[in-house]
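**Student:** Okay, handing you the structure first.
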Amino acid sequence: PWPAPGGDITRNVTTGRRIADTCARNGGELLRTISTVNEARDIDSVRRALGERKLSAWGVSYGTYVGSVYAQLFPEHTDRWVLDSNDDPNPERVERGWLANYAVGVEDTFPDFAAWASAPDSPVRLAETPDGVRRRVLELAARLDAKPLPWPGANPPELNGNALRQSMLDALYSRDDFESLARLIVDADAGKVPADPPADPPQDAAAVSLATICNDVDWPTSLPGYARDVAASRKSHPLTAGMPVNVTPCAFWHDEPRDKPVRITDQGPSNVLLVQNKRDVATPYSGARGLRRAYGDRARMVSVDAMGHGAAYVENGSACADRRVTEFLLTGERPKRDVLCR
């Protein structure tokens, strides 16, 4: 939900209302039942059908919330529980807080890109200093706000400031995407657009995601409130330009949540291991620490001094963290205390 240049949210309101109305018209009873609580119940139905007394799991990103809800509702059926790239479980906000946290996550991880793109040996050097990289990105986004580049086949068919910002956010998920983002910035500066525009998300994925997000928690409905939040966020977090606190279709959703968000607590077996990169664009470290506090002695956390989202274990993490998690999965032995892998 990127606002218009200058921060206006009128088009977001129109789009959000239209999507909510369409989901209500076409989604039927199925769409109204999609939620994290029901997902946890479904997982336990699968457990019973398989005749398993306990499950072990490795949940990643949104899977950390699913895993936490399952562990809270069915603690006696959990064995070795690994949660990786962790969502803040605050029951007052849940997905609302996750979206807002993109403002924090981008600011946490952009310095990694800026350092890479200003290094003398970078394959695409954007500036001589990290501050110079930041200025170049902000200035280019502002120019594209004012004068977008035609981009046939894209939706919408232009490379505007928000398309650049979204490309930046996507690239901050993994270092592997730094070079493609830097080349996009160089090309856009020269008035060129990529040959292959980004694909639209599949309709089923969009529908299920929205249903989960909107059915899990109540969302504010005050449009002036959203406008104020966007204006404030644009000043405090200019890289994300107000998007993380903007109005979504959930403000116009036709149904109230059927279940209250589950409060994660320290009640249950001490068999949870969290693994978390310290610089994560989608699930920032501050939110992961919220989950760690909620679990109390039920959990230990392995933090990794690295950037990247999704699979801090194996894919984006370190040998130190991989060793701790693998040992837990194989033996059930957790670290005696929280660990920082440098």
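Each chain in the structure tokens gets a letter, A, B, ..., in the order shown, and its residues are numbered from 1; ligands are numbered from 1 in order too.
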For range 187-296 of chain A against range 106-113 of chain A, with a cut-off of 9 Å and counting only C-alpha atoms, what is the closest atom pair and its distance in Å to one decimal for every residue that makes the cut, ordered by chain and number, as a tab-separated table?

**Tutor:**
residue	atom	partner	partner_atom	distance
A:His237	CA	A:Glu107	CA	7.4
A:Leu239	CA	A:Val106	CA	7.4
A:Thr240	CA	A:Val106	CA	7.4
A:Lys278	CA	A:Asp108	CA	8.5
A:Arg279	CA	A:Thr109	CA	5.3
A:Asp280	CA	A:Thr109	CA	6.3
A:Val281	CA	A:Val106	CA	5.1
A:Ala282	CA	A:Val106	CA	8.0
A:Pro284	CA	A:Asp108	CA	7.6
A:Tyr285	CA	A:Asp108	CA	8.9

**Student:** Taking 3 positions as the minimum chain separation for residues in the same chain, which residues sit within 12 Å of Glu128 in chain A when counting only C-alpha atoms? Answer as a ChimeraX atom specification.

**Tutor:** /A:114-122,124-125,131-136

**Student:** List the neighbours of Asp177 in chain A out to 10 Å using only C-alpha atoms; skip same-chain residues closer than 6 positions along the sequence, and give me the result as a PyMOL selection string.

**Tutor:** chain A and resi 113+167-168+170-171

**Student:** Could you give me, as a PyMOL selection string, the residues within 10 Å of Gly16 in chain A, counting only C-alpha atoms and dropping anything in the same chain fewer than 5 positions from it?

**Tutor:** chain A and resi 1+10-11+21-22+247-253

**Student:** Just the residues within 12 Å of Pro157 in chain A, please, counting only C-alpha atoms, with nothing from its chain fewer than 2 positions along; format it as a PyMOL selection string.

**Tutor:** chain A and resi 148-155+159-160+163+193+196-199

**Student:** Any chance you could export the current selection's all heavy atoms as a JSON list (two decimals), in the first residue's frame?

**Tutor:**
[["chain", "number", "residue", "atom", "x", "y", "z"],
["A", 148, "PRO", "N", 7.82, 9.52, -13.86],
["A", 148, "PRO", "CA", 8.06, 8.07, -14.02],
["A", 148, "PRO", "C", 8.56, 7.74, -15.42],
["A", 148, "PRO", "O", 8.32, 8.48, -16.39],
["A", 148, "PRO", "CB", 6.68, 7.46, -13.77],
["A", 148, "PRO", "CG", 5.89, 8.52, -13.08],
["A", 148, "PRO", "CD", 6.41, 9.83, -13.57],
["A", 149, "LEU", "N", 9.25, 6.60, -15.53],
["A", 149, "LEU", "CA", 9.69, 6.09, -16.81],
["A", 149, "LEU", "C", 8.66, 5.09, -17.34],
["A", 149, "LEU", "O", 8.17, 4.25, -16.58],
["A", 149, "LEU", "CB", 11.04, 5.38, -16.67],
["A", 149, "LEU", "CG", 12.22, 6.22, -16.19],
["A", 149, "LEU", "CD1", 13.43, 5.32, -15.94],
["A", 149, "LEU", "CD2", 12.56, 7.30, -17.21],
["A", 150, "PRO", "N", 8.29, 5.16, -18.62],
["A", 150, "PRO", "CA", 7.38, 4.15, -19.18],
["A", 150, "PRO", "C", 7.97, 2.76, -19.02],
["A", 150, "PRO", "O", 9.17, 2.55, -19.27],
["A", 150, "PRO", "CB", 7.26, 4.55, -20.65],
["A", 150, "PRO", "CG", 7.67, 5.99, -20.70],
["A", 150, "PRO", "CD", 8.70, 6.17, -19.63],
["A", 151, "TRP", "N", 7.14, 1.80, -18.61],
["A", 151, "TRP", "CA", 7.60, 0.42, -18.40],
["A", 151, "TRP", "C", 6.53, -0.54, -18.94],
["A", 151, "TRP", "O", 5.70, -1.05, -18.19],
["A", 151, "TRP", "CB", 7.85, 0.18, -16.92],
["A", 151, "TRP", "CG", 8.71, -1.01, -16.61],
["A", 151, "TRP", "CD1", 9.29, -1.87, -17.50],
["A", 151, "TRP", "CD2", 9.10, -1.47, -15.31],
["A", 151, "TRP", "NE1", 10.01, -2.82, -16.84],
["A", 151, "TRP", "CE2", 9.93, -2.61, -15.50],
["A", 151, "TRP", "CE3", 8.85, -1.02, -14.02],
["A", 151, "TRP", "CZ2", 10.47, -3.31, -14.44],
["A", 151, "TRP", "CZ3", 9.40, -1.72, -12.96],
["A", 151, "TRP", "CH2", 10.19, -2.85, -13.16],
["A", 152, "PRO", "N", 6.52, -0.78, -20.25],
["A", 152, "PRO", "CA", 5.50, -1.64, -20.85],
["A", 152, "PRO", "C", 5.49, -3.02, -20.21],
["A", 152, "PRO", "O", 6.54, -3.62, -19.96],
["A", 152, "PRO", "CB", 5.92, -1.71, -22.33],
["A", 152, "PRO", "CG", 6.74, -0.48, -22.55],
["A", 152, "PRO", "CD", 7.46, -0.24, -21.25],
["A", 153, "GLY", "N", 4.30, -3.51, -19.93],
["A", 153, "GLY", "CA", 4.14, -4.84, -19.34],
["A", 153, "GLY", "C", 4.11, -4.86, -17.83],
["A", 153, "GLY", "O", 3.73, -5.87, -17.24],
["A", 154, "ALA", "N", 4.54, -3.76, -17.19],
["A", 154, "ALA", "CA", 4.48, -3.70, -15.73],
["A", 154, "ALA", "C", 3.09, -3.29, -15.28],
["A", 154, "ALA", "O", 2.26, -2.82, -16.07],
["A", 154, "ALA", "CB", 5.52, -2.72, -15.21],
["A", 155, "ASN", "N", 2.80, -3.47, -13.99],
["A", 155, "ASN", "CA", 1.51, -3.10, -13.43],
["A", 155, "ASN", "C", 1.73, -2.25, -12.19],
["A", 155, "ASN", "O", 2.08, -2.79, -11.15],
["A", 155, "ASN", "CB", 0.71, -4.36, -13.08],
["A", 155, "ASN", "CG", -0.66, -4.04, -12.51],
["A", 155, "ASN", "OD1", -1.14, -2.92, -12.63],
["A", 155, "ASN", "ND2", -1.28, -5.02, -11.87],
["A", 159, "LEU", "N", 7.89, 2.80, -14.31],
["A", 159, "LEU", "CA", 8.84, 2.71, -13.21],
["A", 159, "LEU", "C", 8.78, 4.04, -12.47],
["A", 159, "LEU", "O", 9.36, 5.03, -12.89],
["A", 159, "LEU", "CB", 10.25, 2.43, -13.72],
["A", 159, "LEU", "CG", 11.38, 2.40, -12.67],
["A", 159, "LEU", "CD1", 11.07, 1.43, -11.55],
["A", 159, "LEU", "CD2", 12.71, 2.07, -13.31],
["A", 160, "ASN", "N", 8.03, 4.04, -11.38],
["A", 160, "ASN", "CA", 7.87, 5.26, -10.59],
["A", 160, "ASN", "C", 8.63, 5.12, -9.28],
["A", 160, "ASN", "O", 9.31, 4.12, -9.03],
["A", 160, "ASN", "CB", 6.38, 5.56, -10.36],
["A", 160, "ASN", "CG", 5.64, 4.39, -9.74],
["A", 160, "ASN", "OD1", 6.22, 3.63, -8.95],
["A", 160, "ASN", "ND2", 4.37, 4.23, -10.08],
["A", 163, "ALA", "N", 7.74, 1.96, -7.32],
["A", 163, "ALA", "CA", 8.28, 0.73, -7.89],
["A", 163, "ALA", "C", 9.75, 0.57, -7.50],
["A", 163, "ALA", "O", 10.22, -0.53, -7.20],
["A", 163, "ALA", "CB", 8.14, 0.75, -9.41],
["A", 193, "VAL", "N", 14.69, 1.06, -18.27],
["A", 193, "VAL", "CA", 13.95, 0.16, -17.38],
["A", 193, "VAL", "C", 14.35, -1.27, -17.68],
["A", 193, "VAL", "O", 14.80, -1.57, -18.79],
["A", 193, "VAL", "CB", 12.42, 0.33, -17.54],
["A", 193, "VAL", "CG1", 11.99, 1.73, -17.19],
["A", 193, "VAL", "CG2", 11.98, -0.03, -18.96],
["A", 196, "ASP", "N", 12.45, -7.20, -18.14],
["A", 196, "ASP", "CA", 11.41, -8.08, -17.58],
["A", 196, "ASP", "C", 10.75, -7.40, -16.39],
["A", 196, "ASP", "O", 11.36, -7.28, -15.32],
["A", 196, "ASP", "CB", 12.02, -9.41, -17.14],
["A", 196, "ASP", "CG", 12.62, -10.17, -18.31],
["A", 196, "ASP", "OD1", 11.99, -10.20, -19.38],
["A", 196, "ASP", "OD2", 13.72, -10.73, -18.14],
["A", 197, "PRO", "N", 9.50, -6.95, -16.53],
["A", 197, "PRO", "CA", 8.81, -6.35, -15.39],
["A", 197, "PRO", "C", 8.45, -7.40, -14.35],
["A", 197, "PRO", "O", 8.35, -8.60, -14.68],
["A", 197, "PRO", "CB", 7.55, -5.74, -16.02],
["A", 197, "PRO", "CG", 7.31, -6.56, -17.24],
["A", 197, "PRO", "CD", 8.67, -6.96, -17.75],
["A", 198, "PRO", "N", 8.27, -7.01, -13.09],
["A", 198, "PRO", "CA", 7.88, -7.98, -12.06],
["A", 198, "PRO", "C", 6.50, -8.56, -12.33],
["A", 198, "PRO", "O", 5.61, -7.87, -12.83],
["A", 198, "PRO", "CB", 7.90, -7.15, -10.77],
["A", 198, "PRO", "CG", 7.76, -5.73, -11.22],
["A", 198, "PRO", "CD", 8.41, -5.64, -12.55],
["A", 199, "ALA", "N", 6.36, -9.83, -12.00],
["A", 199, "ALA", "CA", 5.07, -10.51, -12.23],
["A", 199, "ALA", "C", 4.09, -10.13, -11.13],
["A", 199, "ALA", "O", 4.46, -9.87, -9.99],
["A", 199, "ALA", "CB", 5.28, -12.01, -12.25]]
